[in-house]
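What follows is query.csv (CSV, C-alpha atoms and all ligand atoms).
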```csv
chain,number,residue,atom,x,y,z
A,311,MET,CA,-49.0,8.5,134.1
A,312,GLU,CA,-47.7,6.8,130.9
A,313,THR,CA,-47.1,3.0,131.2
A,314,ASN,CA,-43.6,3.3,129.7
A,315,GLN,CA,-42.5,5.9,132.3
A,316,LYS,CA,-41.3,4.6,135.6
A,317,PRO,CA,-43.1,6.2,138.5
A,318,ILE,CA,-41.5,7.3,141.7
A,319,ILE,CA,-43.3,5.5,144.5
A,320,GLY,CA,-43.1,6.4,148.1
A,321,ILE,CA,-44.2,4.2,151.0
A,322,VAL,CA,-45.3,6.1,154.1
A,323,SER,CA,-45.5,4.3,157.4
A,324,PRO,CA,-46.4,6.0,160.7
A,325,CYS,CA,-44.7,4.4,163.8
A,326,TYR,CA,-45.4,4.9,167.4
A,327,ASN,CA,-43.3,2.8,169.8
A,328,GLU,CA,-42.6,0.2,167.1
A,329,ALA,CA,-39.1,-0.7,168.1
A,330,LEU,CA,-40.1,-4.4,168.1
A,331,VAL,CA,-41.3,-4.5,164.5
A,332,LEU,CA,-39.3,-1.8,162.8
A,333,PRO,CA,-36.1,-3.6,162.0
A,334,GLU,CA,-38.0,-6.3,160.2
A,335,THR,CA,-40.5,-3.9,158.5
A,336,ALA,CA,-37.6,-1.8,157.2
A,337,ILE,CA,-35.9,-4.8,155.6
A,338,LYS,CA,-39.1,-6.0,154.0
A,339,LEU,CA,-40.2,-2.6,152.6
A,340,ASN,CA,-36.7,-1.8,151.4
A,341,GLU,CA,-36.6,-5.2,149.7
A,342,ILE,CA,-40.0,-4.7,148.0
A,343,ILE,CA,-38.8,-1.3,146.6
A,344,ALA,CA,-35.5,-2.8,145.6
A,345,ASN,CA,-37.2,-5.6,143.7
A,346,LEU,CA,-39.6,-3.3,141.9
A,347,VAL,CA,-36.7,-1.0,140.9
A,348,GLY,CA,-34.6,-4.1,139.9
A,349,ASN,CA,-37.5,-5.2,137.6
A,350,ASP,CA,-37.7,-1.8,136.1
A,351,ARG,CA,-41.2,-1.3,137.3
A,352,ILE,CA,-40.5,1.9,139.3
A,353,SER,CA,-38.0,4.6,139.4
A,354,GLU,CA,-34.8,4.2,141.5
A,355,LYS,CA,-35.8,7.4,143.2
A,356,SER,CA,-38.6,5.5,145.0
A,357,PHE,CA,-38.4,5.3,148.8
A,358,VAL,CA,-39.8,4.2,152.1
A,359,VAL,CA,-40.4,6.8,154.8
A,360,PHE,CA,-41.0,6.0,158.4
A,361,VAL,CA,-42.7,8.7,160.4
A,362,ASP,CA,-41.8,8.6,164.0
A,363,ASP,CA,-44.9,9.8,165.8
A,364,GLY,CA,-43.2,11.0,169.0
A,365,SER,CA,-42.2,7.5,170.1
A,366,LYS,CA,-40.9,6.9,173.6
A,367,ASP,CA,-38.8,3.8,172.8
A,368,LEU,CA,-35.9,3.3,170.4
A,369,THR,CA,-38.1,3.8,167.3
A,370,TRP,CA,-36.2,6.8,166.0
A,371,GLN,CA,-32.8,5.4,166.6
A,372,ILE,CA,-33.8,2.3,164.6
A,373,ILE,CA,-35.1,4.5,161.8
A,374,GLU,CA,-31.8,6.4,161.7
A,375,GLU,CA,-29.8,3.3,161.8
A,376,ARG,CA,-31.8,1.6,159.0
A,377,ALA,CA,-31.7,4.8,156.9
A,378,SER,CA,-27.9,4.7,156.9
A,379,HIS,CA,-27.7,1.1,155.9
A,380,LEU,CA,-30.6,0.4,153.6
A,381,PRO,CA,-30.7,2.4,150.3
A,382,TYR,CA,-34.4,3.3,150.1
A,383,ILE,CA,-35.2,4.1,153.7
A,384,LYS,CA,-35.9,7.6,154.9
A,385,GLY,CA,-37.2,8.9,158.2
A,386,LEU,CA,-39.3,11.8,159.5
A,387,LYS,CA,-39.5,12.6,163.1
A,388,LEU,CA,-42.5,14.5,164.6
A,389,ALA,CA,-42.1,16.7,167.5
A,390,ALA,CA,-44.7,15.0,169.6
A,391,ASN,CA,-47.2,12.1,169.5
A,392,VAL,CA,-50.0,13.4,167.4
A,393,GLY,CA,-51.7,10.1,166.6
A,394,HIS,CA,-51.8,7.8,163.7
A,395,GLN,CA,-53.9,10.0,161.3
A,396,LYS,CA,-51.9,13.2,161.7
A,397,ALA,CA,-48.6,11.3,161.6
A,398,LEU,CA,-49.6,9.8,158.4
A,399,LEU,CA,-50.7,13.1,157.0
A,400,ALA,CA,-47.4,14.7,157.9
A,401,GLY,CA,-45.6,12.0,156.0
A,402,LEU,CA,-47.9,12.3,153.0
A,403,LEU,CA,-47.7,16.1,152.8
A,404,THR,CA,-44.0,16.3,153.4
A,405,PHE,CA,-43.0,13.7,150.7
A,406,ASN,CA,-45.7,14.4,148.1
A,407,GLU,CA,-43.4,16.6,146.0
A,408,GLU,CA,-40.8,13.8,145.8
A,409,ALA,CA,-43.0,11.0,144.5
A,410,ASP,CA,-45.7,10.4,141.8
A,411,ALA,CA,-47.7,8.3,144.2
A,412,LEU,CA,-47.6,7.5,147.9
A,413,ILE,CA,-48.7,4.3,149.6
A,414,SER,CA,-49.6,4.4,153.2
A,415,ILE,CA,-49.2,1.3,155.4
A,416,ASP,CA,-49.0,0.5,159.1
A,417,ALA,CA,-45.6,-0.3,160.4
A,418,ASP,CA,-46.7,-3.6,161.8
A,419,LEU,CA,-47.1,-5.0,158.3
A,420,GLN,CA,-50.6,-6.5,159.1
A,421,ASP,CA,-51.4,-5.4,155.6
A,422,ASP,CA,-50.1,-7.7,153.0
A,423,ILE,CA,-47.3,-5.9,151.1
A,424,SER,CA,-47.4,-8.3,148.2
A,425,VAL,CA,-50.4,-6.4,146.7
A,426,ILE,CA,-48.2,-3.2,146.4
A,427,GLU,CA,-47.3,-4.3,142.9
A,428,GLN,CA,-51.0,-4.6,142.0
A,429,MET,CA,-51.5,-1.1,143.4
A,430,ILE,CA,-48.7,0.3,141.3
A,431,SER,CA,-50.1,-1.4,138.1
A,432,LYS,CA,-53.5,0.1,138.7
A,433,PHE,CA,-51.8,3.5,139.3
A,434,GLN,CA,-49.9,3.2,136.1
A,435,SER,CA,-53.0,2.5,134.1
A,436,GLY,CA,-54.4,5.8,135.4
A,437,THR,CA,-56.2,5.2,138.7
A,438,ASP,CA,-55.7,7.9,141.3
A,439,VAL,CA,-56.7,6.1,144.5
A,440,ILE,CA,-56.3,2.4,145.1
A,441,TYR,CA,-57.8,1.2,148.4
A,442,GLY,CA,-56.5,-1.9,150.1
A,443,VAL,CA,-59.5,-3.9,151.4
A,444,ARG,CA,-59.2,-6.8,153.8
A,445,LYS,CA,-60.9,-10.0,152.6
A,446,GLU,CA,-61.5,-11.3,156.1
A,447,ARG,CA,-60.2,-10.8,159.5
A,448,THR,CA,-59.4,-14.3,160.5
A,449,THR,CA,-56.2,-13.4,162.3
A,450,ASP,CA,-57.5,-10.7,164.4
A,451,THR,CA,-59.0,-11.5,167.8
A,452,SER,CA,-62.8,-12.0,167.7
A,453,PHE,CA,-63.1,-8.9,169.9
A,454,LYS,CA,-61.2,-6.7,167.4
A,455,ARG,CA,-63.2,-8.3,164.5
A,456,ASN,CA,-66.5,-7.6,166.1
A,457,THR,CA,-65.7,-4.1,167.2
A,458,ALA,CA,-64.4,-3.3,163.7
A,459,LEU,CA,-67.6,-4.7,162.2
A,460,LEU,CA,-69.6,-2.5,164.6
A,461,PHE,CA,-67.5,0.5,163.5
A,462,TYR,CA,-68.3,0.0,159.8
A,463,ARG,CA,-72.0,-0.6,160.6
A,464,LEU,CA,-72.2,2.5,162.8
A,465,MET,CA,-70.5,4.6,160.1
A,466,LYS,CA,-72.9,3.4,157.5
A,467,MET,CA,-75.9,4.1,159.8
A,468,MET,CA,-74.6,7.6,160.4
A,469,LYS,CA,-74.3,8.2,156.7
A,470,VAL,CA,-70.5,8.5,156.7
A,471,ASN,CA,-69.1,7.5,153.3
A,472,ILE,CA,-66.2,5.1,153.9
A,473,ILE,CA,-64.9,2.0,152.1
A,474,HIS,CA,-65.9,-1.1,153.9
A,475,ASN,CA,-63.0,-3.0,155.5
A,476,HIS,CA,-60.5,-0.5,154.3
A,477,ALA,CA,-58.1,0.8,156.9
A,478,ASP,CA,-55.3,3.2,156.0
A,479,TYR,CA,-53.6,1.0,153.4
A,480,ARG,CA,-53.9,2.7,150.1
A,481,LEU,CA,-52.1,4.3,147.2
A,482,CYS,CA,-52.8,7.9,146.4
A,483,SER,CA,-51.6,9.8,143.4
A,484,LYS,CA,-49.8,13.1,143.7
A,485,ARG,CA,-52.9,15.1,142.9
A,486,VAL,CA,-55.0,13.3,145.5
A,487,ILE,CA,-52.4,14.2,148.2
A,488,LYS,CA,-52.3,17.7,146.8
A,489,ALA,CA,-56.1,17.9,147.3
A,490,LEU,CA,-55.7,16.4,150.7
A,491,SER,CA,-53.4,19.3,151.6
A,492,ASP,CA,-56.3,21.7,151.1
A,493,PHE,CA,-58.3,20.2,154.0
A,494,GLY,CA,-57.5,22.3,156.9
A,495,GLU,CA,-59.3,20.4,159.6
A,496,VAL,CA,-57.8,19.2,162.8
A,497,ASN,CA,-60.1,16.3,163.4
A,498,LEU,CA,-58.6,14.2,160.7
A,499,PHE,CA,-60.4,11.1,159.5
A,500,LEU,CA,-58.6,10.1,156.4
A,501,ARG,CA,-60.9,7.2,155.6
A,502,GLY,CA,-63.7,9.7,155.2
A,503,ILE,CA,-61.7,12.5,153.5
A,504,ILE,CA,-60.0,10.4,150.8
A,505,PRO,CA,-63.3,9.0,149.4
A,506,SER,CA,-64.8,12.5,149.5
A,507,ILE,CA,-62.0,13.9,147.3
A,508,GLY,CA,-63.2,11.7,144.4
A,509,PHE,CA,-61.1,11.0,141.3
A,510,SER,CA,-60.8,7.5,139.8
A,511,LYS,CA,-60.6,4.7,142.3
A,512,ASP,CA,-60.0,1.0,142.5
A,513,ILE,CA,-59.7,-1.7,145.1
A,514,VAL,CA,-57.2,-4.5,145.8
A,515,TYR,CA,-58.1,-7.3,148.1
A,516,TYR,CA,-55.8,-8.9,150.6
A,517,ASP,CA,-55.8,-11.0,153.8
A,518,ARG,CA,-55.1,-9.2,157.0
A,519,LEU,CA,-52.1,-10.8,158.7
A,520,GLU,CA,-51.2,-11.0,162.4
A,521,ARG,CA,-49.1,-8.3,164.0
A,522,PHE,CA,-45.8,-10.1,164.1
A,523,ALA,CA,-44.5,-8.3,167.2
A,524,GLY,CA,-45.4,-5.6,169.6
A,525,GLU,CA,-49.0,-4.9,170.5
A,526,SER,CA,-51.9,-2.9,169.1
A,527,LYS,CA,-51.9,0.8,169.8
A,528,TYR,CA,-55.6,0.9,169.3
A,529,PRO,CA,-57.3,-0.4,172.4
A,530,PHE,CA,-61.1,-0.2,172.5
A,531,ARG,CA,-61.1,3.2,174.1
A,532,LYS,CA,-59.1,4.7,171.2
A,533,MET,CA,-61.2,2.8,168.6
A,534,ALA,CA,-64.4,4.2,170.1
A,535,ALA,CA,-62.9,7.8,170.1
A,536,PHE,CA,-61.8,7.2,166.5
A,537,ALA,CA,-65.3,6.1,165.4
A,538,TRP,CA,-66.9,9.1,167.2
A,539,ASN,CA,-64.5,11.5,165.6
A,540,GLY,CA,-65.3,9.9,162.2
A,541,ILE,CA,-69.1,10.4,162.7
A,542,THR,CA,-68.9,13.9,164.1
A,543,SER,CA,-66.5,15.2,161.5
A,544,PHE,CA,-68.3,13.6,158.6
A,545,SER,CA,-72.0,13.8,159.3
A,546,ASN,CA,-74.7,16.0,160.9
A,547,TYR,CA,-76.8,12.9,161.3
A,548,PRO,CA,-76.7,12.8,165.1
A,549,LEU,CA,-78.2,16.3,165.1
A,550,LYS,CA,-80.8,15.3,162.6
A,551,LEU,CA,-81.6,12.4,164.9
A,552,VAL,CA,-82.6,14.9,167.6
A,553,SER,CA,-85.2,16.5,165.4
A,554,ILE,CA,-86.5,13.1,164.4
A,555,ILE,CA,-86.9,12.0,168.0
A,556,GLY,CA,-88.5,15.3,168.9
A,557,PHE,CA,-91.0,14.9,166.1
A,558,VAL,CA,-91.8,11.3,167.0
A,559,ILE,CA,-92.5,12.2,170.6
A,560,PHE,CA,-94.7,15.1,169.5
A,561,PHE,CA,-96.6,12.8,167.2
A,562,LEU,CA,-97.1,10.2,169.9
A,563,CYS,CA,-98.3,13.0,172.1
A,564,LEU,CA,-101.0,13.8,169.6
A,565,ILE,CA,-102.2,10.2,169.5
A,566,MET,CA,-102.3,10.2,173.3
A,567,THR,CA,-104.4,13.4,173.3
A,568,GLY,CA,-106.8,11.6,171.0
A,569,TYR,CA,-106.9,8.7,173.3
A,570,ALA,CA,-107.3,10.9,176.4
A,571,LEU,CA,-110.2,12.8,174.9
A,572,PHE,CA,-111.8,9.5,174.0
A,573,ALA,CA,-111.4,8.4,177.6
A,574,ILE,CA,-113.2,11.5,178.8
A,575,TYR,CA,-116.1,10.6,176.7
A,576,SER,CA,-116.2,7.0,177.9
A,577,GLY,CA,-116.0,8.3,181.5
A,578,ASP,CA,-112.9,6.1,182.3
A,579,VAL,CA,-110.7,8.9,183.7
A,580,VAL,CA,-108.2,9.5,186.5
A,581,PRO,CA,-108.8,13.2,187.6
A,582,GLY,CA,-105.8,15.4,186.8
A,583,TRP,CA,-103.9,12.9,184.6
A,584,LEU,CA,-104.6,14.6,181.4
A,585,SER,CA,-103.6,18.1,182.5
A,586,THR,CA,-100.4,16.9,184.2
A,587,VAL,CA,-99.0,14.2,182.0
A,588,LEU,CA,-100.0,15.5,178.6
A,589,PRO,CA,-98.3,18.9,178.7
A,590,MET,CA,-95.1,17.2,179.9
A,591,TYR,CA,-94.9,15.0,176.8
A,592,PHE,CA,-96.1,17.7,174.6
A,593,LEU,CA,-93.5,20.2,175.8
A,594,GLY,CA,-90.8,17.5,175.8
A,595,GLY,CA,-91.5,16.8,172.2
A,596,VAL,CA,-91.7,20.4,171.1
A,597,GLN,CA,-88.4,21.2,172.9
A,598,LEU,CA,-86.5,18.3,171.4
A,599,PHE,CA,-87.8,19.2,168.0
A,600,CYS,CA,-86.6,22.8,168.5
A,601,PHE,CA,-83.3,21.7,169.7
A,602,GLY,CA,-83.1,19.6,166.6
A,603,ILE,CA,-83.7,22.6,164.4
A,604,ILE,CA,-81.1,24.7,166.2
A,605,GLY,CA,-78.8,21.7,165.8
A,606,GLU,CA,-79.4,21.7,162.1
A,607,TYR,CA,-78.1,25.3,162.0
A,608,ILE,CA,-75.2,24.5,164.2
A,609,GLY,CA,-74.4,21.7,161.9
A,610,LYS,CA,-74.4,24.1,159.0
A,611,ILE,CA,-72.1,26.5,160.9
A,612,TYR,CA,-69.9,23.6,161.8
A,613,SER,CA,-69.4,22.5,158.2
A,614,GLU,CA,-68.8,26.1,157.2
A,615,VAL,CA,-66.3,26.8,159.9
A,616,LYS,CA,-64.3,23.8,158.7
A,617,GLN,CA,-63.8,25.7,155.4
A,618,ARG,CA,-63.3,22.6,153.4
A,619,PRO,CA,-62.5,22.9,149.8
A,620,ARG,CA,-65.6,22.6,147.7
A,621,TYR,CA,-64.3,20.8,144.6
A,622,PHE,CA,-61.3,19.6,142.8
A,623,ILE,CA,-60.8,19.7,139.1
A,624,ASP,CA,-60.2,16.3,137.6
A,625,LYS,CA,-59.3,17.1,134.0
A,626,ARG,CA,-60.1,19.4,131.1
A,627,VAL,CA,-60.2,19.4,127.3
A,628,ASP,CA,-59.1,22.3,125.2
A,701,LIG,N1,-49.5,4.8,165.4
A,701,LIG,C1,-49.0,6.1,165.3
A,701,LIG,N2,-49.4,7.0,166.4
A,701,LIG,C2,-50.2,6.6,167.4
A,701,LIG,C3,-50.7,5.3,167.4
A,701,LIG,C4,-50.4,4.4,166.4
A,701,LIG,O1,-48.3,6.5,164.4
A,701,LIG,O2,-50.4,7.4,168.3
A,701,LIG,C5,-49.2,3.9,164.3
A,701,LIG,C6,-48.7,2.5,164.7
A,701,LIG,O3,-47.3,2.6,164.9
A,701,LIG,C7,-49.0,1.6,163.5
A,701,LIG,C8,-50.3,2.3,163.0
A,701,LIG,O4,-50.4,3.6,163.6
A,701,LIG,O5,-48.1,1.7,162.5
A,701,LIG,C9,-51.5,1.4,163.4
A,701,LIG,O6,-51.5,1.2,164.8
A,701,LIG,P1,-51.8,-0.3,165.4
A,701,LIG,O7,-51.2,-1.3,164.6
A,701,LIG,O8,-51.5,-0.2,166.8
A,701,LIG,O9,-53.4,-0.3,165.2
A,701,LIG,P2,-54.3,-1.6,164.8
A,701,LIG,O10,-53.7,-2.2,163.6
A,701,LIG,O11,-54.3,-2.5,166.0
A,701,LIG,O12,-55.7,-1.0,164.6
A,702,MG,MG,-51.9,-2.9,163.4
```

When written as structure tokens, how does the structure in this file appear?
Ligand code: UDP
Ligand code: MG
Amino acid sequence: METNQKPIIGIVSPCYNEALVLPETAIKLNEIIANLVGNDRISEKSFVVFVDDGSKDLTWQIIEERASHLPYIKGLKLAANVGHQKALLAGLLTFNEEADALISIDADLQDDISVIEQMISKFQSGTDVIYGVRKERTTDTSFKRNTALLFYRLMKMMKVNIIHNHADYRLCSKRVIKALSDFGEVNLFLRGIIPSIGFSKDIVYYDRLERFAGESKYPFRKMAAFAWNGITSFSNYPLKLVSIIGFVIFFLCLIMTGYALFAIYSGDVVPGWLSTVLPMYFLGGVQLFCFGIIGEYIGKIYSEVKQRPRYFIDKRVD
């Protein structure tokens, strides 16, 4: 993207039962696009699209109403509630052809929209993915903060490559979204997929604000399911863990055998103990270890079945 060319920027925001926040969000996002267009920073073809993820309240009516009054607002309605990640994906894939870059943001505007301009600058100087990263979580409840911290720790422990403190607030260039469209998986975990696509990346930092109306659609149960999905669709580490545990038990068993033999020599024995207890540990260890090996293969099958694209070409010279 040349700096003198004005890029078309699309903002994509998934909404599920967001009737309370949407009127305000639409005004704010429309205004930010209008300002950027007014300052000649971006093309007047830029837009904001709200993806209604099968809401049960007035969300869609509000989107329609806003779209008819505000110049940059568009809407996309999904047939059913498919969840945040898939709703976002639907918006990104549907509107990719109509923009040079798409910015994803939650409808509750907890992510500071004033860094959008920075994202666009970085995009214009040639960066493909710009992650919005929260500086601190002072406005979230301490429960939300701690569970989120736990989430990132767990992901790291399970060797899932994600950007710390980055939710789904980011700018992606057209070719990144194009690459994303090649991922056929159903268990979407965009925070893991986008970093795995590669291309040039950068980060902008912002403070996480309070949800100004409505309530979080991510209670603990959904958060835990989200984390579990992230781990199991991005890492075979849990399977590896089984082999490791099996091996450790097997190893401990060997030590115990040594000890038991030593005990026979020293005469300090309970009759029948060795022949009863030891095989139990031994077999347990061997079994777990074997499960682990089978698991490794299942892991391989699993990653093959997903049929993920193997690479994306960044650029070439002729
Ligand atoms: N969302 C969605 N479908 C769902 C649940 C949530 O599109 O099934 C949207 C929601 O409207 C919001 C975003 O995903 O724009 C993030 O949800 P929320 O703010 O409730 O999550 P939190 O910020 O509390 O993690
Ligand atoms: Mg939120």

- Note on the structure: In Å and to one decimal, atom C6 of ligand LIG 701 (chain A) is distant from CA of Gly393 (chain A) by 8.4 Å

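Between ligand MG 702 (chain A) and the residues A:Gly364, A:Pro505, A:Gly602, A:Pro529, the shortest atom-to-atom distance, using all atoms listed in the file, involves A:Pro529.
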
- What gap, in Å, lies between CA of Tyr575 (chain A) and CA of Phe560 (chain A)? 23.0 Å

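Using only C-alpha atoms for every distance, the candidate list A:Ala537, A:Ser483, A:Ile574, A:Met590 yields A:Met590 as the residue closest to Ile559 (chain A).
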
Could you please extract the residues within 6 Å of ligand MG 702 (chain A), counting only C-alpha atoms and all ligand atoms, and hand them back as an mmCIF file with C-alpha atoms, in the frame of the given file?
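Written file, out-v8.cif:
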```cif
data_model
loop_
_atom_site.group_PDB
_atom_site.id
_atom_site.type_symbol
_atom_site.label_atom_id
_atom_site.label_comp_id
_atom_site.auth_asym_id
_atom_site.auth_seq_id
_atom_site.Cartn_x
_atom_site.Cartn_y
_atom_site.Cartn_z
ATOM 1 C CA ASP A 418 -46.700 -3.600 161.800
ATOM 2 C CA GLN A 420 -50.600 -6.500 159.100
ATOM 3 C CA SER A 526 -51.900 -2.900 169.100
#
```

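The gap separating CA of Gln434 (chain A) from CA of Phe405 (chain A) is 19.3 Å, in Å to one decimal.
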
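Closest approach to Tyr612 (chain A) from the set A:Glu520, A:Glu495, A:Glu427, A:Glu334 is made by A:Glu495, with distances taken over only C-alpha atoms.
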
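With distances restricted to all atoms listed in the file, A:Ile318 is the closest residue to Glu407 (chain A) from A:Asn340, A:Tyr382, A:Val579, A:Ile318.
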
- Pick from A:Ile472, A:Ile430, A:Ala329, A:Val322: nearest to Gly401 (chain A), with all atoms listed in the file counted? A:Val322

- Nearby residues, ligand LIG 701 (chain A), 7 Å, only C-alpha atoms and all ligand atoms, as a ChimeraX atom specification: /A:323-328,362-363,391-394,397-398,416-418,420,525-528

- Query: Any idea what's packed within 9 Å of Ser543 (chain A), counting all atoms listed in the file, ignoring anything in its chain fewer than 3 positions away? Could you give it as an MDAnalysis selection string?
  - Reply: chainID A and resid 497:499 502 538:540 546 613

- Which is closest to Val558 (chain A) among A:Val596, A:Ala523, A:Val615, A:Ile487, if we use all atoms listed in the file? A:Val596

Sorted by chain and rising residue number, which residues of region 436-493 of chain A lie within 6 Å of region 506-515 of chain A, and what are their closest atom pairs and distances in Å to one decimal, counting all atoms listed in the file, as a Markdown table?
```
| residue | atom | partner | partner_atom | distance |
| --- | --- | --- | --- | --- |
| A:Thr437 | CA | A:Ser510 | CA | 5.3 |
| A:Asp438 | CA | A:Ser510 | CA | 5.3 |
| A:Val439 | CA | A:Lys511 | CA | 4.7 |
| A:Ile440 | CA | A:Asp512 | CA | 4.7 |
| A:Tyr441 | CA | A:Ile513 | CA | 4.8 |
| A:Gly442 | CA | A:Val514 | CA | 5.1 |
| A:Val443 | CA | A:Tyr515 | CA | 4.9 |
| A:Arg444 | CA | A:Tyr515 | CA | 5.8 |
| A:Lys445 | CA | A:Tyr515 | CA | 5.9 |
```

- Item | Selection: 10 Å around Gly595 (chain A), all atoms listed in the file, excl. self and same-chain fewer than 5 positions, as a list in words | Ser553, Ile554, Ile555, Gly556, Phe557, Val558, Ile559, Phe560, Phe561, Leu562, Cys563, Pro589, Met590, Cys600 and Phe601 of chain A
